[in-house]
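Scroll down for the structure; my scribbles are underneath it.
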Amino acid sequence: MGVAAKAQPILRAALYARFSSDIQKDRSIEDQFTELERAVKRLGFKIDKRHYYADRGVSATSLFERPGLTRDLLGAARRGEIDVVLVEATDRLARSRADTFYLADRFKFHNVKLFTPAGEVSDLQLTFEGHSNEDFIKKLSMRVKRGHNALTREGRFAGGRCYGYDQTPGTGERKINEEQAKVLRRIFTEYASGIAPRKICAGLERDSILSPTGKKVWNYQGIVGGDGTGTGEGLLHRELYRGKIIRNRFVKIKNSDTGKYVNRKGDIDDLIVIDAPHLRIISDQLWNAAHAIRAKRRAQYNPSGTKATPTLGRKEHLLSGLLKCASCMGQMTAITHNRIGCSNATYRKTCDHTKSYNLDVIIAEVIEKVGKELTDPEFLKRRIRAKALEMAKAEKEEGAERDATQRRHDRVTLEIARLVDALADPDMPRDQIKEKLKGKEAERVALAEKLKLLSKGSNVRTLPEATMSAFGKSVETLVKLIHDTPDDPACRMALANLIGGVLVHPTPKKRPYDLSLYARVSAIGTLNLFPAVRSHEKIVAEEGVTKFFCSGKNETSI
C-alpha cells in the first residue's frame, strides 16, 4: 500500500518593485506589481498586501537610501514572514555584482527563494545576470560619456550651469553673464593682489553680492577649493574662465562602503581641451598672477611639496550634534581641538555670536546639570506638566527628526552588514574592523531606542513615583559611566537620546557660561539607557556569515 504524498505548503511571496529616475513615472511601480500579481497566480504563491515593497526614483547601483529593500524586505525575510521574493528581473534588486551576491546570501540564510516571472533564479543564472547587469551600467556609462565628449569637441556643454555664464536652452551653449563676470574679475584681482580668501568673501557679503548658490553668504572654500587633485574645484581653478573647455580631468568613483561618489584624477589620454575665446572672462596675465600667489601659499603651508597624509575623520565628542547657538539656532562647531563657536558666526558671518567656548567646560556643566536635574522626581514632574504647552511644536519637530533618525538607522544597519562581510576576508585588518563594528552596533542600538521614543508622540502622561525614581537611578549610572569612560560610543548615544539639545547663550568675555539644557521629555521613565548590544559573534550569526577567520586564540568578543 503506497504512502500518501505529503502536501506541500503554499509559499508566501513578497513583491519588490523599483524604478531608477524621476523621469520615469510612478505608474511604473504599479505596472510592475500588476505583472508580478499575474505571475503569482501562475506560480501558485500566496501574497499579502503588507508584503508589497518598493523604492521610487533610486538607482540599483547602490543599496544605500533604499529602505524598501534593505529595511522592509530584508526585515520581513529576517523575521520569517516570507518564503519567496518575486521581482520583475534581477536588475530591480541590484546592478552591482557585489550587491547581487550580498542580497542572495541574505535571502539564502533566511531560507527565502528568489523568483522572477520565469521561475526560480538559480545560482548559475544569478552569476550570469550579476555580470550582465553590471556590464549594462558600464556600457551605458561609456555611451553617455561618448555623447558628452562629442558635445565638448563641438564647443558645447553637457553639464548644468556654471557661475559667470548663462545657458542657451536646448543648444548646450553658454554665453557670458556680464554681471557675474565682473564679480569673477574682482575675485581674481583681489586674490592676485594678496588679499586672503576670507577677506574677499567678507567684502562680497558687505556689498550684498549674491554667491553662486544665490545666497548672500560666500564660502572661501568655494573660491580656493581644489588644486587639481580631484577634491573639487573652486572658482580660481576653472579653466573655462580663461577660455578653455576641459573635459575628463576627473572621473567619479562610487565608494561601495558609503554609496557616495568621490573624484579621482582622470587618465591623461582621455583629456579633451578645446579653445573657446568667446567664453574668456579672465585674461592670461590675471590668471597667471592669481595662480602664482596660489603656488606661493601652497609652498608656504606645504614646503616639502609632498601630498598631505590622509587623516581620520574628526573624533566625535560627547555632545556632538547637540550644541546650538541660542542667537541663531545654528550648530556650534569645533574651531580648535577644544574650543567651539557658532558656525554661522564663524564661517558665514550671519550671526553676531562670535565668542568661542571651552568644550571641556561645557561638557562638565552639562553632565552636572543632567546628574542634578534628571535625577530629581520633582523636577521631572514639572517638566512633564510644562510639556503640555509645547506639544504641537514638539510633534512637528519630532516628525522631521524621526525621518532623519530612520534614514540613519537604515544606513548604519547596512554598514554593519558590510563590516561583517569584511570579517570573512582573512586579509582585512580584523582589529580595526571589530573596533568599528563595536561603535556602529552601539549607534544602531541607540538609534533604535530613539525611534521608539519618537514613535510614541508627545502625549502628556503622569508617571508613577517609582518609575521616575528608577529613571533617576539610571541617569546616575549613566553619569558615572561618562566620568569613567567618556569615549565610549554607547555613552554618547545614550546621552543624545536623553537630551534634545543644549543652547549656548552669548555671555561677556571671562564670564561664566550660560547653558540651557533641553531634556527629551518623552524619554522620562520610558527610555532604556542601557539596551542590550549584540556581541561580535551574534552579529556575525544574525547577518548570515557562518564562517569567519580568527587571527589568534585569545580573541575576545566586542
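Going through the C-alpha cells in order, the chains are called A, B, and so on, while each chain numbers its residues from 1 and the ligands are numbered from 1 in the order shown.
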Just want the 12 Å neighbourhood of A:Lys182, counted on only C-alpha atoms, with same-chain residues fewer than 2 positions away dropped. Output as a ChimeraX atom specification.
/A:163-165,176-180,184-189,204,209,241,281-282
If we count only C-alpha atoms and set the cut-off at 8 Å, which residues sit around A:Gly119, ignoring sequence neighbours fewer than 3 positions away in its own chain? Please answer as a PyMOL selection string.
chain A and resi 43+115-116
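Of the residues in stretch 327-376 of chain A, those given strand (DSSP E or B) by DSSP on the backbone are Gln331, Met332, Thr333, Ala334, Arg339, Ile340, Gly341, Cys342, Tyr357 and Asn358 of chain A.
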Name the residues in contact with A:Arg294 at a cut-off of 12 Å, using only C-alpha atoms, excluding same-chain residues fewer than 2 positions from it; report them as an mmCIF file with N, CA and C atoms, in the first residue's frame.
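result.cif, freshly written:
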data_model
loop_
_atom_site.group_PDB
_atom_site.id
_atom_site.type_symbol
_atom_site.label_atom_id
_atom_site.label_comp_id
_atom_site.auth_asym_id
_atom_site.auth_seq_id
_atom_site.Cartn_x
_atom_site.Cartn_y
_atom_site.Cartn_z
ATOM 1 N N PHE A 188 39.468 87.467 -8.766
ATOM 2 C CA PHE A 188 40.814 87.155 -9.254
ATOM 3 C C PHE A 188 41.775 88.318 -8.987
ATOM 4 N N TYR A 191 42.562 88.490 -5.204
ATOM 5 C CA TYR A 191 43.414 87.375 -4.795
ATOM 6 C C TYR A 191 44.840 87.576 -5.308
ATOM 7 N N ALA A 192 44.977 88.040 -6.555
ATOM 8 C CA ALA A 192 46.308 88.256 -7.131
ATOM 9 C C ALA A 192 47.056 89.371 -6.408
ATOM 10 N N SER A 193 46.313 90.286 -5.780
ATOM 11 C CA SER A 193 46.956 91.379 -5.039
ATOM 12 C C SER A 193 47.321 90.972 -3.616
ATOM 13 N N GLY A 194 47.018 89.729 -3.225
ATOM 14 C CA GLY A 194 47.419 89.222 -1.922
ATOM 15 C C GLY A 194 46.351 89.236 -0.855
ATOM 16 N N ILE A 195 45.118 89.605 -1.203
ATOM 17 C CA ILE A 195 44.034 89.614 -0.212
ATOM 18 C C ILE A 195 43.613 88.173 0.083
ATOM 19 N N ALA A 196 43.451 87.839 1.362
ATOM 20 C CA ALA A 196 43.088 86.478 1.774
ATOM 21 C C ALA A 196 41.660 86.152 1.339
ATOM 22 N N PRO A 197 41.397 84.886 0.997
ATOM 23 C CA PRO A 197 40.055 84.482 0.550
ATOM 24 C C PRO A 197 38.945 84.831 1.529
ATOM 25 N N ILE A 223 36.070 79.507 -3.346
ATOM 26 C CA ILE A 223 36.981 80.290 -4.174
ATOM 27 C C ILE A 223 38.285 79.545 -4.410
ATOM 28 N N VAL A 224 38.876 79.012 -3.349
ATOM 29 C CA VAL A 224 40.200 78.384 -3.488
ATOM 30 C C VAL A 224 40.145 76.867 -3.474
ATOM 31 N N GLY A 225 38.978 76.268 -3.209
ATOM 32 C CA GLY A 225 38.892 74.810 -3.084
ATOM 33 C C GLY A 225 39.384 74.100 -4.320
ATOM 34 N N GLY A 226 40.118 72.983 -4.126
ATOM 35 C CA GLY A 226 40.586 72.172 -5.244
ATOM 36 C C GLY A 226 41.886 72.705 -5.820
ATOM 37 N N ASP A 227 42.799 71.790 -6.084
ATOM 38 C CA ASP A 227 44.077 72.188 -6.664
ATOM 39 C C ASP A 227 44.533 71.180 -7.720
ATOM 40 N N LEU A 236 38.840 79.712 -8.611
ATOM 41 C CA LEU A 236 40.180 80.004 -9.112
ATOM 42 C C LEU A 236 40.718 78.938 -10.056
ATOM 43 N N HIS A 237 40.134 77.749 -10.052
ATOM 44 C CA HIS A 237 40.695 76.640 -10.824
ATOM 45 C C HIS A 237 39.891 76.296 -12.069
ATOM 46 N N TRP A 287 45.146 85.532 -14.734
ATOM 47 C CA TRP A 287 45.110 84.116 -14.333
ATOM 48 C C TRP A 287 46.461 83.681 -13.776
ATOM 49 N N ASN A 288 47.524 83.996 -14.487
ATOM 50 C CA ASN A 288 48.870 83.588 -14.063
ATOM 51 C C ASN A 288 49.262 84.271 -12.760
ATOM 52 N N ALA A 289 48.874 85.536 -12.594
ATOM 53 C CA ALA A 289 49.208 86.254 -11.360
ATOM 54 C C ALA A 289 48.508 85.621 -10.154
ATOM 55 N N ALA A 290 47.224 85.273 -10.323
ATOM 56 C CA ALA A 290 46.475 84.648 -9.229
ATOM 57 C C ALA A 290 47.058 83.287 -8.878
ATOM 58 N N HIS A 291 47.425 82.510 -9.886
ATOM 59 C CA HIS A 291 47.951 81.173 -9.608
ATOM 60 C C HIS A 291 49.383 81.207 -9.103
ATOM 61 N N ALA A 292 50.107 82.280 -9.377
ATOM 62 C CA ALA A 292 51.429 82.442 -8.775
ATOM 63 C C ALA A 292 51.294 82.628 -7.267
ATOM 64 N N LYS A 296 52.566 80.059 -4.327
ATOM 65 C CA LYS A 296 53.399 80.560 -3.232
ATOM 66 C C LYS A 296 52.819 80.164 -1.887
ATOM 67 N N ARG A 297 51.495 80.288 -1.748
ATOM 68 C CA ARG A 297 50.861 79.931 -0.478
ATOM 69 C C ARG A 297 50.900 78.429 -0.240
ATOM 70 N N ARG A 298 50.753 77.658 -1.321
ATOM 71 C CA ARG A 298 50.826 76.208 -1.163
ATOM 72 C C ARG A 298 52.218 75.794 -0.696
ATOM 73 N N ALA A 299 53.256 76.434 -1.248
ATOM 74 C CA ALA A 299 54.625 76.124 -0.831
ATOM 75 C C ALA A 299 54.856 76.552 0.617
ATOM 76 N N GLN A 300 54.215 77.651 1.021
ATOM 77 C CA GLN A 300 54.372 78.148 2.383
ATOM 78 C C GLN A 300 53.794 77.170 3.405
ATOM 79 N N TYR A 301 52.609 76.601 3.090
ATOM 80 C CA TYR A 301 51.950 75.705 4.036
ATOM 81 C C TYR A 301 52.352 74.249 3.834
ATOM 82 N N ASN A 302 52.999 73.932 2.730
ATOM 83 C CA ASN A 302 53.453 72.571 2.470
ATOM 84 C C ASN A 302 54.829 72.640 1.801
#
Of the candidates A:Asp99, A:Leu86, A:Asp55, A:Asp72, which shows the shortest atom-to-atom distance to A:Glu120, using only C-alpha atoms?
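Looking only at the distances to A:Glu120, the closest residue turns out to be A:Leu86.
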